[in-house]
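Novice: This is the structure, below, for whatever I ask next.
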Amino acid sequence: MNAGPVGIAVVGAGVISGEYLRTLGAFPDVRVLGVADLDTGRAAAVAREHGVPVAGDLGTVLALPEAEIVVNLTVPAAHAEVATAALRAGKHVYGEKPLATSPAAARAILTEAAERGLLVGNAPDTFLGAGLQSAVRAVRAGAIGTPVAAATATQSLGPEAWHPDPAFFYQPGGGPLFDIGPYYLTALVALFGPVTRVAATAGRGRLRRSTGSGPKAGETFPVDVPTHVNALLDFASGPAAASVFSFDSSHHRIRFEITGSEGTLAVPDPNTFQGPLRLLANGADEWRELPVDGATAGRGLGVLEMARALRTGGAHRASGALAFHVLDVMAAITDAAEHADVRRLDARAPDGTAVAAPEPLPSGWDPYASSLGSG
């Protein structure tokens, strides 16, 4: 087993790479060694901005012997191809959501990794942040009694107003369900465990959209996925959830509430790492703020925990198995909506193990601690 900080190579130098590179650059237990992109000039610019020593194409960073984890930040359509190439180069893989654009492709990734003895992790890792970890601890401590149901909603007009190249958000692997849905669904699984049954409806408000900013402003592109999805979910542990995922709403709304036998919990935005967390107990007139404790560093917490697991054999919560289940749920929602029918889920990972809600992070888990030595 190696010692010291874990070497990281980032593949995909788009908008989200800046968030990862800022966060990972502050963690002493990892070292970012390379940045790759189809546009090698963009990779070089991003590498210079963040002080990363190597930039180039995928082959360049896969050839770095000290790069143990590839952080795959490519567009969804490329997730499976890049992950497979990294695994075949002997690298562990942590990817942006979704794990792949279909459960079949995701299953192939996890099977390849298992055969090679490599780890797969996947975003979102927001459920490792202080806000959602505090929510999980509150529910497990009985703050709302027995959980009965959840109501969640993420509604907006989509990302094209601010993203300079948003067409991929409206291709397979995108849309509000596959783009924003993983944050909500992963949080629900962290709270309640696996989903066993879904029903849904879905539609598209517009068949074409326009880029609103940057050099492609005014360019139109097709909408190939549903942009408004309503889903009903049943969980193995008993609760149910009603969830809305929309890129068709001029009313921007974020909602995540859990109803229990003794009260209601207002959970923080699952696309963030912070609070607030509020409780309305049965019979109370006002909401009460609950303490929020934990890491708030940002995207990359899951990469860090996986890196530490490589060295210590410890827990690895933002896992490929969890991401596979969330992708399976999203595919089932899509299929249920298309066929106006209920879909049941096995809630097992490709290796046959049962999916379970990840255990909360240990108290005092510190991403800024140097826990792996100097190597």
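Residues are referred to by chain and number: the chain letter is A, B, ... according to the order shown in the structure tokens, the number counts from 1 in that chain, and ligands are numbered separately from 1 in the order shown.
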Name the residues of stretch 155-266 of chain A that fall into strand (DSSP E or B) according to DSSP on the backbone, using the chain letters and numbers of this document, as number ranges by chain.
Specialist: A: 155, 195-203, 208-210, 220-222, 228-235, 240-246, 253-260, 263-266
Novice: DSSP on the backbone: which residues in stretch 29-134 of chain A end up as helix (DSSP H, G or I)? Give the answer as a ChimeraX atom specification.
Specialist: /A:40-50,58-62,76-88,103-116,126-128,130-134
Novice: Can you pull out the residues contacting A:Pro103? Cut-off 9 Å, using only C-alpha atoms, and skip same-chain residues under 4 positions away; I want them as a list in words.
Specialist: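 Once the adjacent positions are removed, what remains is Leu99, Arg107, Ala108, Phe324, His325, Leu327, Asp328 and Ala331 of chain A.
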Novice: Can you build me a table of stretch 181-291 of chain A residues sitting at most 12 Å from stretch 298-304 of chain A, with the closest atom pair per residue and its distance in Å to one decimal, using only C-alpha atoms, sorted by chain and residue number, as CSV?
Specialist:
```
residue,atom,partner,partner_atom,distance
A:Asn271,CA,A:Arg299,CA,10.0
A:Thr272,CA,A:Gly298,CA,7.7
A:Phe273,CA,A:Gly298,CA,6.3
A:Gln274,CA,A:Gly298,CA,9.2
```
Novice: Per residue of stretch 21-139 of chain A within 12 Å of stretch 147-162 of chain A, note the shortest atom pair and the distance in Å to one decimal, counting only C-alpha atoms, and order the rows by chain and increasing residue number, as a tab-separated table.
Specialist:
```
residue	atom	partner	partner_atom	distance
A:Val136	CA	A:Pro147	CA	11.4
A:Ala138	CA	A:Pro147	CA	11.1
A:Val139	CA	A:Pro147	CA	7.6
```
Novice: Quick one: distance from atom CA of A:Pro172 to atom CA of A:Val15 in Å, one decimal?
Specialist: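 Computed distance, atom CA of A:Pro172 to atom CA of A:Val15, equals 19.4 Å.
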Novice: Report as a PDB file with N, CA and C atoms, in the first residue's frame all protein, DNA and RNA residues lying within 9 Å of A:Val198, evaluated on only C-alpha atoms, omitting residues in the same chain fewer than 3 positions from it.
Specialist:
```
ATOM      1  N   VAL A 195     -34.467   2.978  -2.710  1.00  0.00           N
ATOM      2  CA  VAL A 195     -35.795   3.097  -3.307  1.00  0.00           C
ATOM      3  C   VAL A 195     -36.202   1.729  -3.860  1.00  0.00           C
ATOM      4  N   ALA A 231     -42.218  12.718  -9.759  1.00  0.00           N
ATOM      5  CA  ALA A 231     -41.938  11.335  -9.382  1.00  0.00           C
ATOM      6  C   ALA A 231     -42.483  11.025  -7.989  1.00  0.00           C
ATOM      7  N   LEU A 232     -42.982   9.816  -7.838  1.00  0.00           N
ATOM      8  CA  LEU A 232     -43.368   9.261  -6.547  1.00  0.00           C
ATOM      9  C   LEU A 232     -42.439   8.092  -6.252  1.00  0.00           C
ATOM     10  N   LEU A 233     -41.863   8.076  -5.050  1.00  0.00           N
ATOM     11  CA  LEU A 233     -40.890   7.058  -4.693  1.00  0.00           C
ATOM     12  C   LEU A 233     -41.260   6.391  -3.379  1.00  0.00           C
ATOM     13  N   ASP A 234     -41.129   5.077  -3.343  1.00  0.00           N
ATOM     14  CA  ASP A 234     -41.277   4.310  -2.105  1.00  0.00           C
ATOM     15  C   ASP A 234     -39.911   3.798  -1.683  1.00  0.00           C
ATOM     16  N   VAL A 329     -32.565   4.474 -10.193  1.00  0.00           N
ATOM     17  CA  VAL A 329     -33.812   5.150  -9.828  1.00  0.00           C
ATOM     18  C   VAL A 329     -34.210   6.144 -10.917  1.00  0.00           C
ATOM     19  N   ALA A 332     -35.491   4.348 -13.892  1.00  0.00           N
ATOM     20  CA  ALA A 332     -36.825   3.808 -13.609  1.00  0.00           C
ATOM     21  C   ALA A 332     -37.885   4.901 -13.662  1.00  0.00           C
ATOM     22  N   ILE A 333     -37.555   6.087 -13.157  1.00  0.00           N
ATOM     23  CA  ILE A 333     -38.480   7.225 -13.239  1.00  0.00           C
ATOM     24  C   ILE A 333     -38.764   7.560 -14.702  1.00  0.00           C
ATOM     25  N   ALA A 336     -40.901   4.765 -16.171  1.00  0.00           N
ATOM     26  CA  ALA A 336     -42.258   4.805 -15.630  1.00  0.00           C
ATOM     27  C   ALA A 336     -43.067   5.932 -16.258  1.00  0.00           C
ATOM     28  N   ASP A 341     -46.553   3.666 -16.040  1.00  0.00           N
ATOM     29  CA  ASP A 341     -46.623   2.447 -15.247  1.00  0.00           C
ATOM     30  C   ASP A 341     -45.708   2.580 -14.031  1.00  0.00           C
ATOM     31  N   VAL A 342     -45.859   1.684 -13.071  1.00  0.00           N
ATOM     32  CA  VAL A 342     -45.007   1.641 -11.887  1.00  0.00           C
ATOM     33  C   VAL A 342     -43.797   0.761 -12.173  1.00  0.00           C
ATOM     34  N   ARG A 343     -42.641   1.172 -11.684  1.00  0.00           N
ATOM     35  CA  ARG A 343     -41.427   0.376 -11.845  1.00  0.00           C
ATOM     36  C   ARG A 343     -40.868   0.010 -10.473  1.00  0.00           C
ATOM     37  N   ARG A 344     -40.484  -1.244 -10.330  1.00  0.00           N
ATOM     38  CA  ARG A 344     -39.879  -1.734  -9.088  1.00  0.00           C
ATOM     39  C   ARG A 344     -38.378  -1.858  -9.272  1.00  0.00           C
ATOM     40  N   LEU A 345     -37.634  -1.655  -8.180  1.00  0.00           N
ATOM     41  CA  LEU A 345     -36.181  -1.715  -8.220  1.00  0.00           C
ATOM     42  C   LEU A 345     -35.673  -2.784  -7.266  1.00  0.00           C
TER      43      LEU A 345
END
```
Novice: Fewer than 3 positions away in the same chain doesn't count, so skip those; otherwise give me all residues within 10 Å of A:Leu58, counting only C-alpha atoms, as a PDB file with all heavy atoms, in the first residue's frame.
Specialist:
```pdb
ATOM      1  N   ALA A   9      -5.573  13.143 -11.010  1.00  0.00           N
ATOM      2  CA  ALA A   9      -5.604  13.736 -12.344  1.00  0.00           C
ATOM      3  C   ALA A   9      -7.047  14.110 -12.654  1.00  0.00           C
ATOM      4  O   ALA A   9      -7.952  13.296 -12.475  1.00  0.00           O
ATOM      5  CB  ALA A   9      -5.084  12.752 -13.384  1.00  0.00           C
ATOM      6  N   VAL A  10      -7.266  15.332 -13.083  1.00  0.00           N
ATOM      7  CA  VAL A  10      -8.603  15.821 -13.424  1.00  0.00           C
ATOM      8  C   VAL A  10      -8.772  15.768 -14.933  1.00  0.00           C
ATOM      9  O   VAL A  10      -7.925  16.275 -15.679  1.00  0.00           O
ATOM     10  CB  VAL A  10      -8.802  17.265 -12.911  1.00  0.00           C
ATOM     11  CG1 VAL A  10     -10.092  17.861 -13.467  1.00  0.00           C
ATOM     12  CG2 VAL A  10      -8.805  17.289 -11.395  1.00  0.00           C
ATOM     13  N   VAL A  11      -9.850  15.145 -15.381  1.00  0.00           N
ATOM     14  CA  VAL A  11     -10.159  15.064 -16.807  1.00  0.00           C
ATOM     15  C   VAL A  11     -11.441  15.850 -17.054  1.00  0.00           C
ATOM     16  O   VAL A  11     -12.497  15.518 -16.510  1.00  0.00           O
ATOM     17  CB  VAL A  11     -10.316  13.605 -17.265  1.00  0.00           C
ATOM     18  CG1 VAL A  11     -10.667  13.554 -18.750  1.00  0.00           C
ATOM     19  CG2 VAL A  11      -9.043  12.821 -16.985  1.00  0.00           C
ATOM     20  N   GLY A  12     -11.332  16.882 -17.876  1.00  0.00           N
ATOM     21  CA  GLY A  12     -12.461  17.785 -18.125  1.00  0.00           C
ATOM     22  C   GLY A  12     -12.196  19.120 -17.482  1.00  0.00           C
ATOM     23  O   GLY A  12     -12.229  19.240 -16.251  1.00  0.00           O
ATOM     24  N   GLY A  34      -2.323  16.625 -12.647  1.00  0.00           N
ATOM     25  CA  GLY A  34      -2.537  16.884 -14.057  1.00  0.00           C
ATOM     26  C   GLY A  34      -3.970  17.259 -14.369  1.00  0.00           C
ATOM     27  O   GLY A  34      -4.894  16.897 -13.625  1.00  0.00           O
ATOM     28  N   VAL A  35      -4.138  18.003 -15.449  1.00  0.00           N
ATOM     29  CA  VAL A  35      -5.459  18.375 -15.972  1.00  0.00           C
ATOM     30  C   VAL A  35      -5.494  18.015 -17.445  1.00  0.00           C
ATOM     31  O   VAL A  35      -4.567  18.361 -18.196  1.00  0.00           O
ATOM     32  CB  VAL A  35      -5.745  19.880 -15.802  1.00  0.00           C
ATOM     33  CG1 VAL A  35      -7.101  20.241 -16.430  1.00  0.00           C
ATOM     34  CG2 VAL A  35      -5.729  20.284 -14.340  1.00  0.00           C
ATOM     35  N   ALA A  36      -6.574  17.343 -17.876  1.00  0.00           N
ATOM     36  CA  ALA A  36      -6.724  16.960 -19.272  1.00  0.00           C
ATOM     37  C   ALA A  36      -8.044  17.478 -19.821  1.00  0.00           C
ATOM     38  O   ALA A  36      -9.023  17.637 -19.086  1.00  0.00           O
ATOM     39  CB  ALA A  36      -6.670  15.443 -19.423  1.00  0.00           C
ATOM     40  N   ASP A  37      -8.070  17.707 -21.129  1.00  0.00           N
ATOM     41  CA  ASP A  37      -9.299  18.122 -21.800  1.00  0.00           C
ATOM     42  C   ASP A  37      -9.130  17.850 -23.291  1.00  0.00           C
ATOM     43  O   ASP A  37      -7.991  17.789 -23.793  1.00  0.00           O
ATOM     44  CB  ASP A  37      -9.560  19.611 -21.564  1.00  0.00           C
ATOM     45  CG  ASP A  37     -10.995  20.008 -21.883  1.00  0.00           C
ATOM     46  OD1 ASP A  37     -11.270  20.334 -23.050  1.00  0.00           O
ATOM     47  OD2 ASP A  37     -11.838  19.978 -20.967  1.00  0.00           O
ATOM     48  N   LEU A  38     -10.267  17.663 -23.995  1.00  0.00           N
ATOM     49  CA  LEU A  38     -10.190  17.559 -25.452  1.00  0.00           C
ATOM     50  C   LEU A  38      -9.548  18.802 -26.044  1.00  0.00           C
ATOM     51  O   LEU A  38      -8.822  18.732 -27.038  1.00  0.00           O
ATOM     52  CB  LEU A  38     -11.598  17.360 -26.026  1.00  0.00           C
ATOM     53  CG  LEU A  38     -12.251  15.998 -25.800  1.00  0.00           C
ATOM     54  CD1 LEU A  38     -13.700  16.029 -26.266  1.00  0.00           C
ATOM     55  CD2 LEU A  38     -11.485  14.893 -26.524  1.00  0.00           C
ATOM     56  N   THR A  40      -6.799  20.956 -25.427  1.00  0.00           N
ATOM     57  CA  THR A  40      -5.594  20.963 -24.591  1.00  0.00           C
ATOM     58  C   THR A  40      -5.170  22.374 -24.201  1.00  0.00           C
ATOM     59  O   THR A  40      -4.534  22.572 -23.162  1.00  0.00           O
ATOM     60  CB  THR A  40      -4.435  20.242 -25.300  1.00  0.00           C
ATOM     61  OG1 THR A  40      -4.216  20.841 -26.584  1.00  0.00           O
ATOM     62  CG2 THR A  40      -4.755  18.756 -25.483  1.00  0.00           C
ATOM     63  N   ALA A  55      -0.457  19.345 -18.008  1.00  0.00           N
ATOM     64  CA  ALA A  55      -1.707  19.533 -18.752  1.00  0.00           C
ATOM     65  C   ALA A  55      -1.565  18.877 -20.114  1.00  0.00           C
ATOM     66  O   ALA A  55      -0.470  18.793 -20.671  1.00  0.00           O
ATOM     67  CB  ALA A  55      -2.041  21.018 -18.903  1.00  0.00           C
ATOM     68  N   VAL A  61      -2.418  12.459 -18.979  1.00  0.00           N
ATOM     69  CA  VAL A  61      -2.579  12.318 -17.524  1.00  0.00           C
ATOM     70  C   VAL A  61      -2.681  10.862 -17.093  1.00  0.00           C
ATOM     71  O   VAL A  61      -2.263  10.510 -15.977  1.00  0.00           O
ATOM     72  CB  VAL A  61      -3.778  13.142 -17.004  1.00  0.00           C
ATOM     73  CG1 VAL A  61      -3.565  14.625 -17.268  1.00  0.00           C
ATOM     74  CG2 VAL A  61      -5.093  12.667 -17.577  1.00  0.00           C
ATOM     75  N   LEU A  62      -3.201   9.987 -17.972  1.00  0.00           N
ATOM     76  CA  LEU A  62      -3.239   8.564 -17.615  1.00  0.00           C
ATOM     77  C   LEU A  62      -1.829   7.987 -17.538  1.00  0.00           C
ATOM     78  O   LEU A  62      -1.609   6.975 -16.867  1.00  0.00           O
ATOM     79  CB  LEU A  62      -4.075   7.777 -18.623  1.00  0.00           C
ATOM     80  CG  LEU A  62      -5.577   8.055 -18.642  1.00  0.00           C
ATOM     81  CD1 LEU A  62      -6.281   7.112 -19.610  1.00  0.00           C
ATOM     82  CD2 LEU A  62      -6.187   7.931 -17.241  1.00  0.00           C
ATOM     83  N   ALA A  63      -0.884   8.615 -18.205  1.00  0.00           N
ATOM     84  CA  ALA A  63       0.515   8.139 -18.180  1.00  0.00           C
ATOM     85  C   ALA A  63       1.270   8.600 -16.939  1.00  0.00           C
ATOM     86  O   ALA A  63       2.415   8.173 -16.727  1.00  0.00           O
ATOM     87  CB  ALA A  63       1.244   8.608 -19.437  1.00  0.00           C
ATOM     88  N   VAL A  70      -8.405   9.242 -11.051  1.00  0.00           N
ATOM     89  CA  VAL A  70      -8.847  10.137 -12.116  1.00  0.00           C
ATOM     90  C   VAL A  70     -10.188  10.717 -11.706  1.00  0.00           C
ATOM     91  O   VAL A  70     -11.141   9.979 -11.426  1.00  0.00           O
ATOM     92  CB  VAL A  70      -8.968   9.405 -13.457  1.00  0.00           C
ATOM     93  CG1 VAL A  70      -9.745  10.244 -14.474  1.00  0.00           C
ATOM     94  CG2 VAL A  70      -7.583   9.069 -14.005  1.00  0.00           C
ATOM     95  N   VAL A  82     -14.517   7.627 -20.576  1.00  0.00           N
ATOM     96  CA  VAL A  82     -13.350   8.109 -19.834  1.00  0.00           C
ATOM     97  C   VAL A  82     -13.096   7.239 -18.612  1.00  0.00           C
ATOM     98  O   VAL A  82     -11.945   6.887 -18.306  1.00  0.00           O
ATOM     99  CB  VAL A  82     -13.533   9.589 -19.445  1.00  0.00           C
ATOM    100  CG1 VAL A  82     -12.436  10.042 -18.486  1.00  0.00           C
ATOM    101  CG2 VAL A  82     -13.535  10.461 -20.685  1.00  0.00           C
ATOM    102  N   ALA A  85     -11.466   3.974 -19.723  1.00  0.00           N
ATOM    103  CA  ALA A  85     -10.064   4.177 -20.095  1.00  0.00           C
ATOM    104  C   ALA A  85      -9.188   4.334 -18.862  1.00  0.00           C
ATOM    105  O   ALA A  85      -8.072   3.789 -18.796  1.00  0.00           O
ATOM    106  CB  ALA A  85      -9.940   5.409 -20.998  1.00  0.00           C
ATOM    107  N   ALA A  86      -9.669   5.060 -17.867  1.00  0.00           N
ATOM    108  CA  ALA A  86      -8.892   5.257 -16.643  1.00  0.00           C
ATOM    109  C   ALA A  86      -8.712   3.943 -15.891  1.00  0.00           C
ATOM    110  O   ALA A  86      -7.614   3.632 -15.412  1.00  0.00           O
ATOM    111  CB  ALA A  86      -9.582   6.291 -15.758  1.00  0.00           C
TER     112      ALA A  86
END
```
Novice: Skipping near chain neighbours, those fewer than 5 positions away, what residues fall within 12 Å of A:Pro268 using only C-alpha atoms, listed as a list in words?
Specialist: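 Answer for this query is Thr126, Phe127, Gly129, Ala130, Gly131, Leu132, Gln133, Ser134, Ala135, Val136, Thr152, Tyr183, Tyr184, Ala187, Ile254, Arg255, Phe256, Glu257, Ile258, Phe273, Gln274, Gly275, Pro276, Leu277, Arg278, Leu279, Glu289, Leu290 and Val292 of chain A.
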Novice: In terms of the shortest atom-to-atom distance over only C-alpha atoms, which of A:Gly51, A:Gly145, A:Pro5, A:Gly364 is closest to A:Leu21?
Specialist: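 Between A:Gly51, A:Gly145, A:Pro5, A:Gly364, the residue approaching A:Leu21 most closely is A:Gly51.
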